[in-house]
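Some notes on the structure that comes next.
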Amino acid sequence: MLDIYTTNMLKDLKVASLCVRAGYEPKNGEPVELPIIQSTTFKYDNSEEMAMLFDLKKEGYFYTRLQNPTNDAVAEKIAELEGGVGAVLTSSGQAANFFAVINILGAGDHIVSSNEIYGGTFNLFGVTLKKFGIDCTFVDPKASEEELQAAFRPNTKAMFGEMISNPGVSVLDIEKFVRVAHRNGVPLIVDNTFATPVNCRPFEWGADIVTHSTTKYMDGLACQVGGAVVDSGNFDWESHASKFPGLTTPDMSYHGLTYTKSFGKKAYLTKMVAQIMRDLGSIPAPMNSFILNLGLQTLAVRMKQHCANAMAVAKFLSADPHVAWVRYPGLPDDPDHALAQKYLPNGSCGVIAFGLKGNRDTAIKFMDSLRMINIATHVADARSCVLHPASHTHRQLSDEQLREAGIAPDLIRLSVGIEDVSDIIKDIEQGLQEI
Ligand SMILES: *Cc1c(COP(=O)(O)O)cnc(C)c1O
């Protein structure tokens, strides 16, 4: 069997090199591109060896729902990109955020979350987790530390925010969130989908767990839906043992082993695979991980182009008389520009939020007039695309819920791709002439 774990040789590489190289290193005579191990299961010569795998006493593959060499190589690449101790790939970004939370929260627990987050996550936390008995308090991420503190309860087990929010493109003051989370003895989970580890590595600012929708920039070509959960290995579960019994007391569904005792810094991720993935099973197909890895190899160069193009488009929009407002962290007069300079010094992402003078129909007229830029329920890929959350992704939310989720009813989300920027601006310009 191919041993496709990375060797330590590659650990010191810069992010752009890790994008190309990490996770899989062929040995003599082996394929240069990551092989797709499209097999559900793996055979062993004797039953004793298989038994040791089930006891987690030996590392190896036995069933793809738990581990697969192609998936693991890509997980390892993402872990190295983020500077974590490991990662678990999931079949979607939704599954990643769900798993990140459900791994340490259960009925009777509570989470504090920024309200400026992706609509799917807003529903997951606000509606679906409630059915599991998990309560969520949404907070304004711009609130003071005292106001954030007021949202915490004795049963709070995690805090959550998006590094750059979708769709509002506001930048998380990650250090403020870290301080409040840690003061309360809980980990900070950061969804780093929009920034990607090319532009920000939340662990370097003290975040404990990072999640991704790999569907977005990491894939970059809109070919697969996927997610990832990465652990920094830094949160001290044992110091807050009574809050996290799932990690610090024996798991009777897994031979009575205690994850923190048996797996140290990998306790959180081992539990996620051995228990949550075993029982809920949202793995990516190895084929999808292979496709994701094709995207990851060019992530660093693509992010650079996305950011350069978006900066030019944001400046163009700011100067256009049809445009009421523009949010892009790279703009010097953006309310989050200072946060972006601190946390995202090399660029933020390719997504811009803006509003047009007029009403809801003005936004629709503009979008329908675009020739090259697609109207798509997608964001963060090579093709420029546009979406009006109030009429598309968030149409189930009332105006009040929209505001609660930090989304203006006139907000247009423009995901700037990597086409020639003059073509992108030309298309926007002619679209604005039509309104
Ligand atoms: C898209 C997205 C998700 C959900 O990911 P899927 O892969 O679509 O399930 C979660 N968080 C953010 C920030 C996203 O943009």
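Every chain in the structure tokens takes a letter, A first, then B, and so on in the order presented; its residues are numbered from 1, and the ligands are numbered from 1 following the presented order.
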
I need the alpha helix (DSSP H) residues of range 42-161 of chain A per DSSP on the backbone, written as a PyMOL selection string. chain A and resi 47-54+69-82+93-102+119-123+129-131+145-149

If we count only C-alpha atoms, what is near Glu48 in chain A at a cut-off of 12 Å, once residues fewer than 6 positions away on the same chain are taken out, given as a list in words? Phe54, Asp55, Lys57 and Lys58 of chain A

Could the residues that lie within 10 Å of ligand 1, counting only C-alpha atoms and all ligand atoms, be listed as an NGL selection string? :A and (90-98 or 116-122 or 161-167 or 169 or 190-195 or 211-217 or 224-228 or 377-380)

Can those selected residues be exported to a file as a CSV table (one decimal), in the first residue's frame so that it contains C-alpha atoms?
chain,number,residue,atom,x,y,z
A,90,THR,CA,-15.8,16.5,5.4
A,91,SER,CA,-18.2,16.3,2.5
A,92,SER,CA,-19.2,20.0,2.7
A,93,GLY,CA,-18.4,23.2,4.6
A,94,GLN,CA,-21.7,22.8,6.4
A,95,ALA,CA,-20.6,19.4,7.7
A,96,ALA,CA,-17.3,20.9,8.8
A,97,ASN,CA,-18.9,23.5,11.0
A,98,PHE,CA,-21.5,21.1,12.3
A,116,GLU,CA,-21.9,38.1,10.7
A,117,ILE,CA,-21.6,34.6,9.3
A,118,TYR,CA,-22.6,32.5,6.3
A,119,GLY,CA,-26.4,32.0,6.0
A,120,GLY,CA,-26.2,28.2,6.2
A,121,THR,CA,-24.2,28.4,9.4
A,122,PHE,CA,-26.6,31.0,10.8
A,161,GLY,CA,-16.7,33.7,14.1
A,162,GLU,CA,-15.8,34.0,10.4
A,163,MET,CA,-12.3,35.5,9.6
A,164,ILE,CA,-13.9,37.4,6.7
A,165,SER,CA,-17.6,37.2,6.8
A,166,ASN,CA,-19.8,35.9,4.0
A,167,PRO,CA,-21.5,37.9,2.5
A,169,VAL,CA,-16.9,40.9,4.1
A,190,VAL,CA,-12.8,30.4,13.2
A,191,ASP,CA,-14.3,29.8,9.7
A,192,ASN,CA,-11.3,30.8,7.5
A,193,THR,CA,-13.0,30.0,4.1
A,194,PHE,CA,-12.7,33.5,2.6
A,195,ALA,CA,-9.2,34.5,3.8
A,211,THR,CA,-13.0,25.3,9.6
A,212,HIS,CA,-13.2,25.7,5.9
A,213,SER,CA,-15.7,25.3,3.1
A,214,THR,CA,-13.1,23.9,0.6
A,215,THR,CA,-15.8,24.4,-2.0
A,216,LYS,CA,-14.6,28.0,-2.3
A,217,TYR,CA,-11.1,29.4,-3.0
A,224,GLN,CA,-16.4,19.9,-5.7
A,225,VAL,CA,-18.3,20.6,-2.5
A,226,GLY,CA,-16.2,19.9,0.6
A,227,GLY,CA,-15.1,21.0,4.0
A,228,ALA,CA,-12.3,20.7,6.5
A,377,THR,CA,-25.2,30.7,-5.9
A,378,HIS,CA,-21.5,30.5,-5.5
A,379,VAL,CA,-18.6,32.6,-4.5
A,380,ALA,CA,-14.8,32.5,-4.5

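Nearest-residue note for Cys349 in chain A: choosing from A:Asp381, A:Glu49, A:Asp320, A:Asp251, the minimum distance belongs to A:Asp381, counting only C-alpha atoms.
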
Could you give me, as an MDAnalysis selection string, the residues within 12 Å of Lys130 in chain A, counting only C-alpha atoms and dropping anything in the same chain fewer than 5 positions from it? chainID A and resid 102 105:111 122:125 135:137

Residue nearest Asp140 in chain A - candidates A:Ala22, A:Glu404, A:Pro250, A:Val186, atoms counted: only C-alpha atoms: A:Glu404
